[in-house]
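Coordinates as given in run-v4.txt (compact mmCIF, C-alpha atoms):
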# COMPACT_ATOMS: atom_id res chain seq x y z
CA MET A 275 -81.50 215.54 16.75
CA LEU A 276 -79.40 212.34 16.85
CA ALA A 277 -80.19 211.64 13.21
CA PHE A 278 -79.14 215.19 12.27
CA ALA A 279 -75.90 214.86 14.24
CA LEU A 280 -75.12 211.55 12.55
CA THR A 281 -75.78 213.07 9.13
CA LEU A 282 -73.35 215.87 9.92
CA SER A 283 -70.68 213.46 11.14
CA LEU A 284 -71.00 211.39 7.99
CA ALA A 285 -70.85 214.44 5.76
CA ALA A 286 -67.76 215.71 7.53
CA ALA A 287 -66.05 212.34 7.79
CA PRO A 288 -62.55 212.38 6.30
CA PRO A 289 -61.25 209.60 4.04
CA SER A 290 -60.45 206.37 5.83
CA SER A 291 -57.41 206.63 8.04
CA PRO A 292 -55.15 203.62 8.64
CA ASP A 293 -56.47 203.49 12.20
CA ALA A 294 -60.08 203.28 11.01
CA LEU A 295 -59.25 200.56 8.51
CA ALA A 296 -57.28 198.65 11.14
CA LEU A 297 -60.27 198.69 13.48
CA VAL A 298 -62.68 197.55 10.76
CA ARG A 299 -60.34 194.71 9.83
CA ARG A 300 -60.03 193.79 13.48
CA TYR A 301 -63.83 193.65 13.81
CA ASP A 302 -64.19 191.46 10.73
CA ALA A 303 -61.42 189.10 11.88
CA VAL A 304 -62.87 188.78 15.39
CA MET A 305 -66.54 188.41 14.47
CA SER A 306 -66.14 186.43 11.24
CA PRO A 307 -62.84 184.52 10.96
CA ALA A 308 -61.88 183.19 7.53
CA ASN A 309 -62.74 179.49 7.94
CA PHE A 310 -64.73 178.01 10.80
CA GLU A 311 -67.52 175.74 11.98
CA ALA A 312 -69.80 176.90 14.81
CA GLN A 313 -72.77 175.91 16.92
CA THR A 314 -75.03 178.93 17.37
CA LYS A 315 -78.36 179.78 18.95
CA MET A 316 -80.77 182.67 18.42
CA VAL A 317 -83.57 183.53 20.84
CA ALA A 318 -86.10 185.95 19.32
CA THR A 319 -88.42 187.86 21.67
CA ARG A 320 -91.71 189.13 20.22
CA GLU A 321 -93.72 192.22 21.16
CA ASP A 322 -95.99 190.13 23.42
CA GLY A 323 -93.03 188.72 25.36
CA THR A 324 -93.12 185.25 23.79
CA THR A 325 -89.85 183.77 22.57
CA ARG A 326 -88.70 181.38 19.88
CA THR A 327 -85.34 179.61 19.89
CA TYR A 328 -83.38 178.56 16.82
CA LYS A 329 -80.30 176.34 16.90
CA MET A 330 -78.03 175.98 13.90
CA LYS A 331 -74.74 174.70 12.61
CA THR A 332 -72.75 177.30 10.69
CA GLN A 333 -69.82 176.88 8.30
CA LYS A 334 -67.83 179.70 6.68
CA SER A 335 -65.13 179.71 4.00
CA GLY A 336 -63.16 182.79 3.02
CA LYS A 337 -64.85 186.18 2.84
CA ASP A 338 -67.94 185.32 0.85
CA LYS A 339 -69.21 181.80 1.58
CA LEU A 340 -71.36 180.80 4.55
CA ARG A 341 -73.89 178.04 5.18
CA ALA A 342 -76.29 177.73 8.13
CA GLN A 343 -78.23 174.51 8.78
CA PHE A 344 -81.17 174.75 11.20
CA LEU A 345 -81.44 172.02 13.85
CA GLU A 346 -84.27 173.46 16.00
CA PRO A 347 -87.17 174.17 16.34
CA ALA A 348 -88.91 171.28 14.60
CA SER A 349 -90.73 173.71 12.27
CA ALA A 350 -87.37 174.99 10.94
CA LYS A 351 -85.38 171.75 11.07
CA GLY A 352 -83.91 170.96 7.67
CA GLN A 353 -84.02 174.54 6.44
CA GLU A 354 -80.69 175.96 5.32
CA MET A 355 -79.34 179.37 4.36
CA LEU A 356 -76.46 179.82 1.94
CA ARG A 357 -74.37 182.78 0.97
CA ASN A 358 -72.09 182.48 -2.03
CA GLY A 359 -70.65 185.81 -3.12
CA GLU A 360 -73.45 188.38 -3.39
CA ASN A 361 -76.15 185.71 -3.56
CA LEU A 362 -78.26 184.53 -0.61
CA TRP A 363 -80.66 181.58 -0.63
CA LEU A 364 -83.03 179.87 1.79
CA TRP A 365 -83.53 176.13 1.26
CA MET A 366 -87.10 175.01 2.01
CA PRO A 367 -87.22 171.22 2.52
CA ASN A 368 -91.00 171.04 2.10
CA LEU A 369 -90.67 172.65 -1.34
CA LYS A 370 -87.37 170.86 -2.10
CA ARG A 371 -85.98 174.04 -3.59
CA ALA A 372 -84.07 177.19 -2.65
CA VAL A 373 -85.52 180.70 -2.84
CA ARG A 374 -83.50 183.89 -3.05
CA VAL A 375 -83.52 186.23 -0.06
CA ALA A 376 -82.22 189.78 0.41
CA SER A 377 -79.50 191.06 2.72
CA ARG A 378 -81.89 193.43 4.49
CA ASP A 379 -84.59 190.81 5.09
CA SER A 380 -85.15 189.61 8.65
CA PHE A 381 -83.15 186.52 9.62
CA MET A 382 -85.77 183.86 10.49
CA GLY A 383 -88.23 186.54 11.58
CA GLY A 384 -85.92 187.90 14.29
CA ASP A 385 -84.22 191.27 14.72
CA PHE A 386 -80.96 190.47 12.97
CA ASN A 387 -81.13 190.79 9.22
CA ASN A 388 -79.66 188.22 6.85
CA ALA A 389 -76.47 190.19 6.30
CA ASP A 390 -75.86 190.45 10.07
CA VAL A 391 -75.53 186.67 10.16
CA LEU A 392 -74.45 185.65 6.65
CA ARG A 393 -72.26 188.56 5.62
CA VAL A 394 -69.95 190.13 8.20
CA ASN A 395 -67.55 192.01 5.92
CA TYR A 396 -67.56 195.64 7.00
CA GLU A 397 -64.31 196.43 5.17
CA ALA A 398 -65.92 195.50 1.83
CA ASP A 399 -69.29 197.13 2.48
CA TYR A 400 -68.55 200.36 4.38
CA GLN A 401 -66.28 203.41 4.29
CA PRO A 402 -64.96 203.92 7.83
CA SER A 403 -63.85 206.95 9.79
CA ILE A 404 -63.16 207.49 13.49
CA GLU A 405 -65.31 209.75 15.63
CA THR A 406 -63.31 211.16 18.54
CA GLY A 407 -64.16 212.30 22.02
CA ASP A 408 -66.06 209.30 23.44
CA PRO A 409 -64.45 208.05 26.68
CA ALA A 410 -66.19 204.67 26.30
CA GLY A 411 -63.90 203.65 23.46
CA ASP A 412 -63.06 204.23 19.81
CA VAL A 413 -66.15 204.98 17.72
CA LEU A 414 -66.20 203.97 14.07
CA VAL A 415 -68.65 205.68 11.73
CA LEU A 416 -69.32 203.38 8.80
CA LYS A 417 -71.00 204.71 5.64
CA ALA A 418 -72.34 202.21 3.09
CA LYS A 419 -70.40 202.06 -0.17
CA ALA A 420 -73.42 200.74 -2.11
CA GLN A 421 -77.18 200.44 -1.72
CA SER A 422 -76.82 196.67 -1.41
CA ALA A 423 -75.24 197.06 2.05
CA ALA A 424 -77.36 195.91 4.96
CA TYR A 425 -77.51 199.39 6.51
CA ASP A 426 -76.88 202.89 5.22
CA ALA A 427 -74.74 203.80 8.25
CA ILE A 428 -73.39 202.12 11.38
CA LYS A 429 -71.81 203.52 14.54
CA LEU A 430 -69.58 200.90 16.16
CA TRP A 431 -67.88 201.22 19.55
CA MET A 432 -64.65 199.26 20.10
CA THR A 433 -62.60 198.94 23.27
CA ARG A 434 -59.50 201.13 23.33
CA ASP A 435 -56.78 198.59 24.10
CA LYS A 436 -54.20 196.34 22.44
CA ASP A 437 -56.76 193.80 21.23
CA PRO A 438 -59.97 195.79 20.60
CA GLN A 439 -63.34 194.12 21.03
CA PRO A 440 -66.77 195.44 19.97
CA ILE A 441 -68.87 196.97 22.75
CA LYS A 442 -72.06 198.20 21.07
CA ALA A 443 -73.37 199.36 17.71
CA GLU A 444 -76.17 201.45 16.22
CA PHE A 445 -77.62 200.83 12.77
CA TYR A 446 -79.21 203.58 10.66
CA ALA A 447 -81.40 204.07 7.58
CA ALA A 448 -80.56 206.61 4.86
CA SER A 449 -82.90 209.11 6.57
CA GLY A 450 -80.73 208.95 9.70
CA LYS A 451 -83.42 207.04 11.62
CA ILE A 452 -82.04 204.43 13.98
CA LEU A 453 -83.23 200.90 13.17
CA ARG A 454 -81.39 198.61 15.57
CA LYS A 455 -79.02 198.70 18.53
CA ALA A 456 -76.59 195.90 19.38
CA GLU A 457 -74.74 195.07 22.58
CA PHE A 458 -71.83 192.62 22.72
CA PHE A 459 -71.31 190.46 25.82
CA ASP A 460 -69.19 187.71 27.39
CA VAL A 461 -65.83 187.85 25.62
CA LYS A 462 -64.62 184.26 25.44
CA ASP A 463 -61.52 182.37 24.33
CA PHE A 464 -62.71 179.86 21.72
CA GLY A 465 -59.23 178.46 21.12
CA GLY A 466 -56.84 178.82 18.22
CA GLY A 467 -56.23 182.46 19.13
CA LEU A 468 -59.88 183.48 18.63
CA VAL A 469 -61.09 185.72 21.46
CA ARG A 470 -64.40 187.49 20.87
CA PRO A 471 -67.86 188.19 22.35
CA SER A 472 -69.96 185.05 22.63
CA ARG A 473 -73.32 186.89 22.71
CA ILE A 474 -74.91 189.74 20.77
CA LYS A 475 -78.25 191.25 21.77
CA MET A 476 -80.00 193.12 18.94
CA THR A 477 -82.79 195.48 20.01
CA ASN A 478 -85.40 196.57 17.47
CA GLU A 479 -85.80 200.37 17.66
CA ILE A 480 -88.83 200.36 15.33
CA SER A 481 -90.99 197.75 17.09
CA ALA A 482 -91.02 198.24 20.86
CA GLY A 483 -90.46 195.09 22.88
CA ARG A 484 -88.75 193.15 20.11
CA SER A 485 -85.19 191.88 20.47
CA SER A 486 -83.07 188.89 19.50
CA GLU A 487 -79.99 187.40 21.10
CA MET A 488 -77.43 185.39 19.15
CA SER A 489 -75.00 183.21 21.09
CA TRP A 490 -72.02 181.19 19.90
CA GLU A 491 -71.78 177.99 21.91
CA ALA A 492 -68.69 176.70 20.08
CA ILE A 493 -66.43 177.89 17.27
CA THR A 494 -63.77 175.71 15.67
CA LEU A 495 -61.27 177.35 13.33
CA LYS A 496 -60.46 175.37 10.19
CA ASP A 497 -57.66 175.47 7.63
CA GLU A 498 -60.32 175.00 4.95
CA ILE A 499 -63.83 173.68 4.39
CA PRO A 500 -64.71 171.71 1.23
CA ALA A 501 -65.96 174.01 -1.53
CA GLN A 502 -68.83 171.60 -2.22
CA ARG A 503 -70.45 172.69 1.05
CA PHE A 504 -71.21 176.08 -0.50
CA VAL A 505 -72.75 174.93 -3.78
CA LEU A 506 -76.49 175.52 -4.28
CA ASP A 507 -77.06 171.92 -5.41
CA ASP A 508 -75.65 170.63 -2.11
CA LEU A 509 -78.44 172.20 -0.01
CA GLY A 510 -80.74 169.65 1.59
CA ARG A 511 -78.13 166.88 1.50
Encoded form using structure tokens:
Amino acid sequence: MLAFALTLSLAAAPPSSPDALALVRRYDAVMSPANFEAQTKMVATREDGTTRTYKMKTQKSGKDKLRAQFLEPASAKGQEMLRNGENLWLWMPNLKRAVRVASRDSFMGGDFNNADVLRVNYEADYQPSIETGDPAGDVLVLKAKAQSAAYDAIKLWMTRDKDPQPIKAEFYAASGKILRKAEFFDVKDFGGGLVRPSRIKMTNEISAGRSSEMSWEAITLKDEIPAQRFVLDDLGR
């Protein structure tokens, strides 16, 4: 019934209004500022209740370049992920080469996909409209512009105030089936005018008991980051 209702809302969605675009741009700016360095951690919980923790250093430049270097666990140390434009790679130190990965693939076996971490650019990837009537906040309905987008549709709740923050999100397949649910926690001032949630919990709606939590321990805004950091030949150095 939920899938049918979502399909109807998408079909009836009007062209993007300035308010919808403003909210999407706000989300992108808050969750993925133009140039930054960050220390992040992901804890992935499996179906049997076991967990695995990944720590990484992340650098981002502009709208389409991001590099993540894995520091822990020991089995992943030295691996790197790079996004440059539409291209995504995973550097495997044991092979001494990079392999291509897809946006919809799982990020390090967790419940975020690669695009959730490497490509936060909803304005570029989705057509937004506002769904009214929810007292919890403004609800954006995002419809993928192309099949290459990470999800076919997203519902995103934002606080209804002067400086909106994300509250929760639902991620859907083309069939209308829900794939993931996200909750945003612990809004924090990281300095430089960046105020945003410091934790996201992603729950897998396909595999019961699976979830992953991404936390940002530090974010430093930068005027720029050297372009060489986002060149394929620089991976592993």
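Distances from A:Gly465, A:Leu362, A:Met476, A:Ala318 to A:Leu495 were compared using only C-alpha atoms, and the smallest one belongs to A:Gly465.
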Worksheet item: In terms of the shortest atom-to-atom distance over only C-alpha atoms, which of A:Ala447, A:Leu345, A:Ile480, A:Leu414 is closest to A:Pro402?
Response: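 Of all the options, A:Leu414 lies closest to A:Pro402.
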Item to complete: Using all atoms listed in the file, pick whichever of A:Ser481, A:Thr494, A:Met382, A:Gly510 has the shortest atom-to-atom distance to A:Asp322.
Response: A:Ser481
Practice prompt. Would you mind listing what lies within 8 Å of stretch 484-486 of chain A as number ranges by chain, with only C-alpha atoms counted and same-chain residues fewer than 6 positions away left out?
Written response: A: 316-321, 384-386, 475-478
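Near A:Ala443, within 8 Å and counting all atoms listed in the file, sit Ile428, Lys429, Leu430, Trp431, Lys455, Ala456 and Glu457 of chain A, not including residues fewer than 6 positions from it in the same chain.
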Worksheet entry | Atomic distance atom CA of A:Ala501 - atom CA of A:Lys339, expressed in Å with one decimal | 9.0 Å
Practice prompt. Please indicate the distance in Å from atom CA of A:Asp435 to atom CA of A:Gln313, rounded to one decimal place.
Written response: 28.7 Å
Practice prompt. Measure the distance from atom CA of A:Gln421 to atom CA of A:Ala448 in Å and round it to one decimal.
Written response: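 Going from atom CA of A:Gln421 over to atom CA of A:Ala448 covers 9.6 Å.
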Item to complete: Determine, counting only C-alpha atoms, which protein, DNA and RNA residues have an atom within 12 Å of an atom of A:Glu360; residues of the same chain fewer than 2 positions away are not included. Present the result as a VMD selection string.
Response: chain A and resid 337 to 340 356 to 358 362 to 363 374 to 377 388 to 389 392 to 393 395 398 to 399 422 to 424
Practice prompt. Counting all atoms listed in the file, figure out which residue out of A:Arg378, A:Met355, A:Glu397, A:Pro347 gets nearest to A:Arg299.
Written response: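 Closest candidate: A:Glu397.
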